[in-house]
Amino acid sequence: MISFVGAGPGNVDLITVKGRRLLEEADVIIYAGSLVSKEHLEFCKEGAKLYDSASMTLEEVIEVMEISIRDNLKVVRLHTGDPTIYGAIREQMDLLNSKGIGYEVIPGVSSFTAACASIKREFTLPDVSQTVILTRIEGRTPVPKEEDLESLAKHKASMAIFLSVQEIGRVVEKLVKGYGRDDIPVAVVYKATWEDEDILFGTLSNIEEKVKEKNINKMAQILVGNFIEGEYERSKLYDPSFTHKFRSASQ
Ligand code: SAH
């Protein structure tokens, strides 16, 4: 069996119980070395074969999987965060499909929720935003033009921007155009849940300067929106005058 496993955002305890168990039992582990904490590998059994996918092509990864399955070995493909977000797992799954090889996908804690937990906020506040946009700026990998940051910003939804901190200037420029103002709160979370995590708070008007001062150019979440600072309405769910299936009105 091949298991695609989400390793979580960094801290080694933020993998799921299921993911950890699969890691302990695996004969072969192919991990994304540039982003997955090496500490996870300490849970692998002795003699397990480890491959860092950073230096491998898609075909090489699939070949390791194919040979391992032929030898009846258990394979874990360890991805950072949650494998279904910017994980490039679809192309692996499609090749496995074409070869008739079975697999499963185990979710993980994505860096966008880890970053929001680190700043101790909630993306969804009743009258502020009930929507979270996960996106990135285009770089070497294109983004469909309908999803340009400027048009997404027009929704004023809470945003978590991946893979973009190295382009903070362009990110800010597009967001300011979309929002039509530059006083929107922003938090940049570098290496959420790692030992060297760093958090910067600011607004669209000054966050670029702060990011550049700290030389942050990789592994950061850019969180944007009024959920970070400002007023909000209390949740109806816990409002004493609001009844629902599990609680009748007080008094
Ligand atoms: N599947 C991963 C995302 C992989 S893309 C997930 O669910 O989190 C890699 C991008 O994720 C990085 O460029 C960065 O924007 C973000 N990222 C990954 N780990 C992070 C962390 N610990 N803190 C902040 N951002 C992180």
# chains A, B, ... in the order shown; residues from 1 in each chain; ligands from 1
$ select_by_dssp --residues "region 38-158 of chain A" --states "alpha helix (DSSP H)" --output "NGL selection string"
:A and (58-70 or 90-98 or 111-118 or 149-153)
$ closest_atom_pairs --of "chain A" --to "ligand 1" --cutoff "7 Å" --atoms "only C-alpha atoms and all ligand atoms" --output "JSON lines"
{"residue": "A:Pro9", "atom": "CA", "partner": "ligand 1", "partner_atom_place_in_ligand_line": "22 (N)", "distance": 4.3}
{"residue": "A:Gly10", "atom": "CA", "partner": "ligand 1", "partner_atom_place_in_ligand_line": "22 (N)", "distance": 5.2}
{"residue": "A:Leu35", "atom": "CA", "partner": "ligand 1", "partner_atom_place_in_ligand_line": "19 (N)", "distance": 6.6}
{"residue": "A:His79", "atom": "CA", "partner": "ligand 1", "partner_atom_place_in_ligand_line": "1 (N)", "distance": 6.6}
{"residue": "A:Thr80", "atom": "CA", "partner": "ligand 1", "partner_atom_place_in_ligand_line": "2 (C)", "distance": 5.0}
{"residue": "A:Gly81", "atom": "CA", "partner": "ligand 1", "partner_atom_place_in_ligand_line": "6 (C)", "distance": 3.6}
{"residue": "A:Asp82", "atom": "CA", "partner": "ligand 1", "partner_atom_place_in_ligand_line": "7 (O)", "distance": 3.9}
{"residue": "A:Pro83", "atom": "CA", "partner": "ligand 1", "partner_atom_place_in_ligand_line": "1 (N)", "distance": 4.9}
{"residue": "A:Thr84", "atom": "CA", "partner": "ligand 1", "partner_atom_place_in_ligand_line": "1 (N)", "distance": 6.4}
{"residue": "A:Ile85", "atom": "CA", "partner": "ligand 1", "partner_atom_place_in_ligand_line": "1 (N)", "distance": 4.6}
{"residue": "A:Tyr86", "atom": "CA", "partner": "ligand 1", "partner_atom_place_in_ligand_line": "4 (C)", "distance": 4.9}
{"residue": "A:Gly87", "atom": "CA", "partner": "ligand 1", "partner_atom_place_in_ligand_line": "1 (N)", "distance": 5.0}
{"residue": "A:Val109", "atom": "CA", "partner": "ligand 1", "partner_atom_place_in_ligand_line": "7 (O)", "distance": 6.7}
{"residue": "A:Ser110", "atom": "CA", "partner": "ligand 1", "partner_atom_place_in_ligand_line": "7 (O)", "distance": 3.5}
{"residue": "A:Ser111", "atom": "CA", "partner": "ligand 1", "partner_atom_place_in_ligand_line": "8 (O)", "distance": 3.7}
{"residue": "A:Phe112", "atom": "CA", "partner": "ligand 1", "partner_atom_place_in_ligand_line": "8 (O)", "distance": 6.0}
{"residue": "A:Ala115", "atom": "CA", "partner": "ligand 1", "partner_atom_place_in_ligand_line": "24 (C)", "distance": 6.1}
{"residue": "A:Ile161", "atom": "CA", "partner": "ligand 1", "partner_atom_place_in_ligand_line": "15 (O)", "distance": 6.7}
{"residue": "A:Phe162", "atom": "CA", "partner": "ligand 1", "partner_atom_place_in_ligand_line": "15 (O)", "distance": 3.5}
{"residue": "A:Leu163", "atom": "CA", "partner": "ligand 1", "partner_atom_place_in_ligand_line": "13 (O)", "distance": 3.4}
{"residue": "A:Ser164", "atom": "CA", "partner": "ligand 1", "partner_atom_place_in_ligand_line": "15 (O)", "distance": 6.3}
{"residue": "A:Val189", "atom": "CA", "partner": "ligand 1", "partner_atom_place_in_ligand_line": "24 (C)", "distance": 5.5}
{"residue": "A:Tyr190", "atom": "CA", "partner": "ligand 1", "partner_atom_place_in_ligand_line": "24 (C)", "distance": 4.9}
{"residue": "A:Lys191", "atom": "CA", "partner": "ligand 1", "partner_atom_place_in_ligand_line": "23 (N)", "distance": 3.5}
{"residue": "A:Ala192", "atom": "CA", "partner": "ligand 1", "partner_atom_place_in_ligand_line": "23 (N)", "distance": 3.7}
{"residue": "A:Thr193", "atom": "CA", "partner": "ligand 1", "partner_atom_place_in_ligand_line": "22 (N)", "distance": 5.9}
{"residue": "A:Trp194", "atom": "CA", "partner": "ligand 1", "partner_atom_place_in_ligand_line": "22 (N)", "distance": 6.4}
{"residue": "A:Lys218", "atom": "CA", "partner": "ligand 1", "partner_atom_place_in_ligand_line": "13 (O)", "distance": 5.8}
{"residue": "A:Met219", "atom": "CA", "partner": "ligand 1", "partner_atom_place_in_ligand_line": "14 (C)", "distance": 4.0}
{"residue": "A:Ala220", "atom": "CA", "partner": "ligand 1", "partner_atom_place_in_ligand_line": "25 (N)", "distance": 3.7}
{"residue": "A:Gln221", "atom": "CA", "partner": "ligand 1", "partner_atom_place_in_ligand_line": "25 (N)", "distance": 4.3}
$ residues_around --residues "Val211 (chain A)" --least-positions-apart "4" --cutoff "10 Å" --atoms "only C-alpha atoms" --output "ChimeraX atom specification"
/A:165-166,168-169,188,190,199-202,206-207,215-217
$ write_last_selection --atoms "N, CA, C and O atoms" --output "CSV table (one decimal), in the first residue's frame"
chain,number,residue,atom,x,y,z
A,165,VAL,N,5.8,35.0,-0.3
A,165,VAL,CA,6.4,36.0,0.6
A,165,VAL,C,7.7,36.6,-0.1
A,165,VAL,O,8.0,37.8,0.1
A,166,GLN,N,8.3,35.9,-1.0
A,166,GLN,CA,9.5,36.4,-1.8
A,166,GLN,C,9.0,37.5,-2.7
A,166,GLN,O,9.9,38.2,-3.3
A,168,ILE,N,6.7,39.9,-1.9
A,168,ILE,CA,5.8,40.7,-1.0
A,168,ILE,C,5.4,42.0,-1.6
A,168,ILE,O,4.3,42.5,-1.4
A,169,GLY,N,6.3,42.6,-2.3
A,169,GLY,CA,6.0,43.9,-3.0
A,169,GLY,C,4.9,43.8,-3.9
A,169,GLY,O,3.9,44.6,-3.9
A,188,VAL,N,2.4,38.2,8.8
A,188,VAL,CA,3.2,37.2,8.1
A,188,VAL,C,3.8,36.3,9.2
A,188,VAL,O,4.4,36.7,10.2
A,190,TYR,N,6.3,33.3,9.7
A,190,TYR,CA,7.4,32.5,9.1
A,190,TYR,C,7.6,31.2,9.9
A,190,TYR,O,7.6,31.3,11.1
A,199,ILE,N,6.7,36.0,13.8
A,199,ILE,CA,5.4,36.6,13.4
A,199,ILE,C,5.6,38.1,13.3
A,199,ILE,O,6.1,38.7,14.2
A,200,LEU,N,5.1,38.6,12.2
A,200,LEU,CA,5.1,40.1,12.0
A,200,LEU,C,3.7,40.5,11.8
A,200,LEU,O,3.0,40.0,10.9
A,201,PHE,N,3.3,41.5,12.5
A,201,PHE,CA,2.0,42.2,12.3
A,201,PHE,C,2.2,43.5,11.6
A,201,PHE,O,3.2,44.2,11.9
A,202,GLY,N,1.3,43.9,10.8
A,202,GLY,CA,1.3,45.2,10.2
A,202,GLY,C,0.0,45.4,9.4
A,202,GLY,O,-1.0,44.8,9.6
A,206,ASN,N,2.7,48.9,5.5
A,206,ASN,CA,4.0,48.7,6.1
A,206,ASN,C,4.6,47.3,6.1
A,206,ASN,O,5.7,47.1,6.6
A,207,ILE,N,3.8,46.3,5.7
A,207,ILE,CA,4.3,44.9,5.9
A,207,ILE,C,5.5,44.6,5.0
A,207,ILE,O,6.4,43.8,5.4
A,215,ASN,N,14.4,39.9,6.3
A,215,ASN,CA,14.9,39.0,5.3
A,215,ASN,C,14.1,37.7,5.1
A,215,ASN,O,14.7,36.7,4.8
A,216,ILE,N,12.8,37.8,5.3
A,216,ILE,CA,11.9,36.6,5.1
A,216,ILE,C,11.6,36.4,3.6
A,216,ILE,O,11.0,37.3,3.0
A,217,ASN,N,12.1,35.3,3.1
A,217,ASN,CA,11.8,35.1,1.6
A,217,ASN,C,11.4,33.7,1.3
A,217,ASN,O,11.4,33.3,0.1
$ residues_around --residues "Ser55 (chain A)" --least-positions-apart "5" --cutoff "10 Å" --atoms "only C-alpha atoms" --output "VMD selection string"
chain A and resid 32 to 34 60 to 61
$ residues_around --residues "Ala157 (chain A)" --least-positions-apart "3" --cutoff "9 Å" --atoms "only C-alpha atoms" --output "PDB file with N, CA, C and O atoms, in the first residue's frame"
ATOM      1  N   PHE A 123     -10.293  32.834  11.449  1.00  0.00           N
ATOM      2  CA  PHE A 123     -10.506  33.350  10.090  1.00  0.00           C
ATOM      3  C   PHE A 123     -11.950  33.824   9.873  1.00  0.00           C
ATOM      4  O   PHE A 123     -12.199  34.729   9.097  1.00  0.00           O
ATOM      5  N   THR A 124     -12.892  33.136  10.532  1.00  0.00           N
ATOM      6  CA  THR A 124     -14.305  33.355  10.220  1.00  0.00           C
ATOM      7  C   THR A 124     -15.019  34.041  11.379  1.00  0.00           C
ATOM      8  O   THR A 124     -15.354  33.407  12.367  1.00  0.00           O
ATOM      9  N   VAL A 128     -17.570  39.895   9.742  1.00  0.00           N
ATOM     10  CA  VAL A 128     -16.310  40.332   9.133  1.00  0.00           C
ATOM     11  C   VAL A 128     -16.046  39.531   7.862  1.00  0.00           C
ATOM     12  O   VAL A 128     -15.922  40.078   6.764  1.00  0.00           O
ATOM     13  N   SER A 129     -15.959  38.227   8.006  1.00  0.00           N
ATOM     14  CA  SER A 129     -15.849  37.348   6.834  1.00  0.00           C
ATOM     15  C   SER A 129     -16.236  35.931   7.225  1.00  0.00           C
ATOM     16  O   SER A 129     -15.893  35.461   8.306  1.00  0.00           O
ATOM     17  N   GLN A 130     -16.945  35.276   6.348  1.00  0.00           N
ATOM     18  CA  GLN A 130     -17.334  33.876   6.558  1.00  0.00           C
ATOM     19  C   GLN A 130     -16.704  33.006   5.482  1.00  0.00           C
ATOM     20  O   GLN A 130     -17.151  31.897   5.218  1.00  0.00           O
ATOM     21  N   THR A 131     -15.655  33.529   4.888  1.00  0.00           N
ATOM     22  CA  THR A 131     -15.014  32.850   3.766  1.00  0.00           C
ATOM     23  C   THR A 131     -13.500  32.933   3.922  1.00  0.00           C
ATOM     24  O   THR A 131     -12.995  33.976   4.324  1.00  0.00           O
ATOM     25  N   VAL A 132     -12.815  31.848   3.602  1.00  0.00           N
ATOM     26  CA  VAL A 132     -11.347  31.889   3.616  1.00  0.00           C
ATOM     27  C   VAL A 132     -10.857  31.582   2.207  1.00  0.00           C
ATOM     28  O   VAL A 132     -11.245  30.577   1.617  1.00  0.00           O
ATOM     29  N   ILE A 133     -10.026  32.447   1.687  1.00  0.00           N
ATOM     30  CA  ILE A 133      -9.433  32.228   0.361  1.00  0.00           C
ATOM     31  C   ILE A 133      -8.003  31.749   0.543  1.00  0.00           C
ATOM     32  O   ILE A 133      -7.201  32.413   1.205  1.00  0.00           O
ATOM     33  N   LEU A 152      -9.347  38.756  -6.228  1.00  0.00           N
ATOM     34  CA  LEU A 152      -9.730  38.037  -5.008  1.00  0.00           C
ATOM     35  C   LEU A 152      -9.899  39.009  -3.839  1.00  0.00           C
ATOM     36  O   LEU A 152     -10.800  38.862  -3.014  1.00  0.00           O
ATOM     37  N   ALA A 153      -9.032  40.028  -3.783  1.00  0.00           N
ATOM     38  CA  ALA A 153      -9.080  40.986  -2.663  1.00  0.00           C
ATOM     39  C   ALA A 153     -10.406  41.744  -2.645  1.00  0.00           C
ATOM     40  O   ALA A 153     -10.878  42.168  -1.592  1.00  0.00           O
ATOM     41  N   LYS A 154     -11.027  41.893  -3.802  1.00  0.00           N
ATOM     42  CA  LYS A 154     -12.303  42.624  -3.889  1.00  0.00           C
ATOM     43  C   LYS A 154     -13.385  41.984  -3.030  1.00  0.00           C
ATOM     44  O   LYS A 154     -14.327  42.638  -2.606  1.00  0.00           O
ATOM     45  N   VAL A 224      -4.234  37.857   5.525  1.00  0.00           N
ATOM     46  CA  VAL A 224      -4.735  39.203   5.247  1.00  0.00           C
ATOM     47  C   VAL A 224      -6.220  39.293   5.567  1.00  0.00           C
ATOM     48  O   VAL A 224      -6.984  38.388   5.220  1.00  0.00           O
ATOM     49  N   GLY A 225      -6.613  40.381   6.216  1.00  0.00           N
ATOM     50  CA  GLY A 225      -8.039  40.619   6.397  1.00  0.00           C
ATOM     51  C   GLY A 225      -8.380  41.246   7.729  1.00  0.00           C
ATOM     52  O   GLY A 225      -7.560  41.275   8.654  1.00  0.00           O
ATOM     53  N   ASN A 226      -9.617  41.707   7.827  1.00  0.00           N
ATOM     54  CA  ASN A 226     -10.061  42.380   9.051  1.00  0.00           C
ATOM     55  C   ASN A 226     -10.313  41.415  10.202  1.00  0.00           C
ATOM     56  O   ASN A 226     -10.628  41.854  11.304  1.00  0.00           O
ATOM     57  N   PHE A 227     -10.135  40.114   9.938  1.00  0.00           N
ATOM     58  CA  PHE A 227     -10.247  39.160  11.062  1.00  0.00           C
ATOM     59  C   PHE A 227      -9.055  39.302  12.001  1.00  0.00           C
ATOM     60  O   PHE A 227      -9.101  38.850  13.143  1.00  0.00           O
TER      61      PHE A 227
END
$ select_by_dssp --residues "region 4-152 of chain A" --states "strand (DSSP E or B)" --output "JSON, numbers by chain"
{"A": [4, 5, 6, 8, 28, 29, 30, 31, 49, 50, 51, 52, 75, 76, 77, 78, 79, 81, 103, 104, 105, 106, 125, 129, 132, 133, 134, 135, 136]}
$ residues_around --residues "Ser235 (chain A)" --least-positions-apart "4" --cutoff "9 Å" --atoms "only C-alpha atoms" --output "JSON, numbers by chain"
{"A": [125, 126, 239]}
$ residues_around --residues "Leu149 (chain A)" --least-positions-apart "4" --cutoff "10 Å" --atoms "only C-alpha atoms" --output "list of chain:residue names"
A:Thr135, A:Arg136, A:Ile137, A:Glu138, A:Val143, A:Lys145, A:Ala153, A:Lys154, A:Met159, A:Ile161, A:Arg170, A:Val171, A:Val172, A:Glu173, A:Lys174, A:Leu175, A:Val176, A:Lys177, A:Gly178
$ write_last_selection --atoms "N, CA and C atoms" --output "PDB file, in the first residue's frame"
ATOM      1  N   THR A 135      -4.696  31.026  -1.515  1.00  0.00           N
ATOM      2  CA  THR A 135      -4.197  31.308  -2.856  1.00  0.00           C
ATOM      3  C   THR A 135      -2.698  31.566  -2.836  1.00  0.00           C
ATOM      4  N   ARG A 136      -2.171  31.981  -3.971  1.00  0.00           N
ATOM      5  CA  ARG A 136      -0.762  32.316  -4.121  1.00  0.00           C
ATOM      6  C   ARG A 136      -0.657  33.343  -5.243  1.00  0.00           C
ATOM      7  N   ILE A 137       0.476  34.032  -5.300  1.00  0.00           N
ATOM      8  CA  ILE A 137       0.700  34.906  -6.449  1.00  0.00           C
ATOM      9  C   ILE A 137       1.332  34.055  -7.543  1.00  0.00           C
ATOM     10  N   GLU A 138       1.150  34.472  -8.794  1.00  0.00           N
ATOM     11  CA  GLU A 138       1.769  33.704  -9.878  1.00  0.00           C
ATOM     12  C   GLU A 138       3.277  33.918  -9.835  1.00  0.00           C
ATOM     13  N   VAL A 143      -1.122  31.282 -12.385  1.00  0.00           N
ATOM     14  CA  VAL A 143      -2.395  31.248 -11.661  1.00  0.00           C
ATOM     15  C   VAL A 143      -3.449  31.725 -12.668  1.00  0.00           C
ATOM     16  N   LYS A 145      -6.192  33.685 -14.600  1.00  0.00           N
ATOM     17  CA  LYS A 145      -6.292  35.143 -14.449  1.00  0.00           C
ATOM     18  C   LYS A 145      -7.519  35.592 -13.640  1.00  0.00           C
ATOM     19  N   ALA A 153      -9.032  40.028  -3.783  1.00  0.00           N
ATOM     20  CA  ALA A 153      -9.080  40.986  -2.663  1.00  0.00           C
ATOM     21  C   ALA A 153     -10.406  41.744  -2.645  1.00  0.00           C
ATOM     22  N   LYS A 154     -11.027  41.893  -3.802  1.00  0.00           N
ATOM     23  CA  LYS A 154     -12.303  42.624  -3.889  1.00  0.00           C
ATOM     24  C   LYS A 154     -13.385  41.984  -3.030  1.00  0.00           C
ATOM     25  N   MET A 159      -7.883  35.911   3.981  1.00  0.00           N
ATOM     26  CA  MET A 159      -6.996  35.270   3.002  1.00  0.00           C
ATOM     27  C   MET A 159      -5.770  34.659   3.642  1.00  0.00           C
ATOM     28  N   ILE A 161      -2.211  33.452   2.049  1.00  0.00           N
ATOM     29  CA  ILE A 161      -1.462  33.443   0.785  1.00  0.00           C
ATOM     30  C   ILE A 161      -0.193  32.614   0.967  1.00  0.00           C
ATOM     31  N   ARG A 170       4.919  42.827  -4.801  1.00  0.00           N
ATOM     32  CA  ARG A 170       3.842  42.637  -5.787  1.00  0.00           C
ATOM     33  C   ARG A 170       2.543  42.201  -5.114  1.00  0.00           C
ATOM     34  N   VAL A 171       2.654  41.379  -4.073  1.00  0.00           N
ATOM     35  CA  VAL A 171       1.462  40.935  -3.346  1.00  0.00           C
ATOM     36  C   VAL A 171       0.719  42.156  -2.786  1.00  0.00           C
ATOM     37  N   VAL A 172       1.475  43.013  -2.095  1.00  0.00           N
ATOM     38  CA  VAL A 172       0.882  44.197  -1.476  1.00  0.00           C
ATOM     39  C   VAL A 172       0.248  45.104  -2.537  1.00  0.00           C
ATOM     40  N   GLU A 173       0.964  45.307  -3.627  1.00  0.00           N
ATOM     41  CA  GLU A 173       0.470  46.194  -4.685  1.00  0.00           C
ATOM     42  C   GLU A 173      -0.897  45.721  -5.194  1.00  0.00           C
ATOM     43  N   LYS A 174      -1.015  44.425  -5.446  1.00  0.00           N
ATOM     44  CA  LYS A 174      -2.275  43.877  -5.957  1.00  0.00           C
ATOM     45  C   LYS A 174      -3.388  43.962  -4.909  1.00  0.00           C
ATOM     46  N   LEU A 175      -3.048  43.680  -3.655  1.00  0.00           N
ATOM     47  CA  LEU A 175      -4.067  43.704  -2.606  1.00  0.00           C
ATOM     48  C   LEU A 175      -4.579  45.126  -2.378  1.00  0.00           C
ATOM     49  N   VAL A 176      -3.675  46.106  -2.409  1.00  0.00           N
ATOM     50  CA  VAL A 176      -4.091  47.501  -2.217  1.00  0.00           C
ATOM     51  C   VAL A 176      -5.056  47.907  -3.336  1.00  0.00           C
ATOM     52  N   LYS A 177      -4.740  47.502  -4.553  1.00  0.00           N
ATOM     53  CA  LYS A 177      -5.639  47.817  -5.681  1.00  0.00           C
ATOM     54  C   LYS A 177      -7.004  47.175  -5.464  1.00  0.00           C
ATOM     55  N   GLY A 178      -7.011  45.909  -5.058  1.00  0.00           N
ATOM     56  CA  GLY A 178      -8.263  45.172  -4.875  1.00  0.00           C
ATOM     57  C   GLY A 178      -9.098  45.728  -3.737  1.00  0.00           C
TER      58      GLY A 178
END
$ atom_distance --atom1 "CA of Glu66 (chain A)" --atom2 "CA of Ile101 (chain A)"
7.7 Å
$ closest_residue --among "A:Glu213, A:Glu91, A:Glu195, A:Asp183" --to "Ser37 (chain A)" --atoms "only C-alpha atoms"
A:Glu195
$ atom_distance --atom1 "CA of Val5 (chain A)" --atom2 "CA of Cys116 (chain A)"
21.8 Å
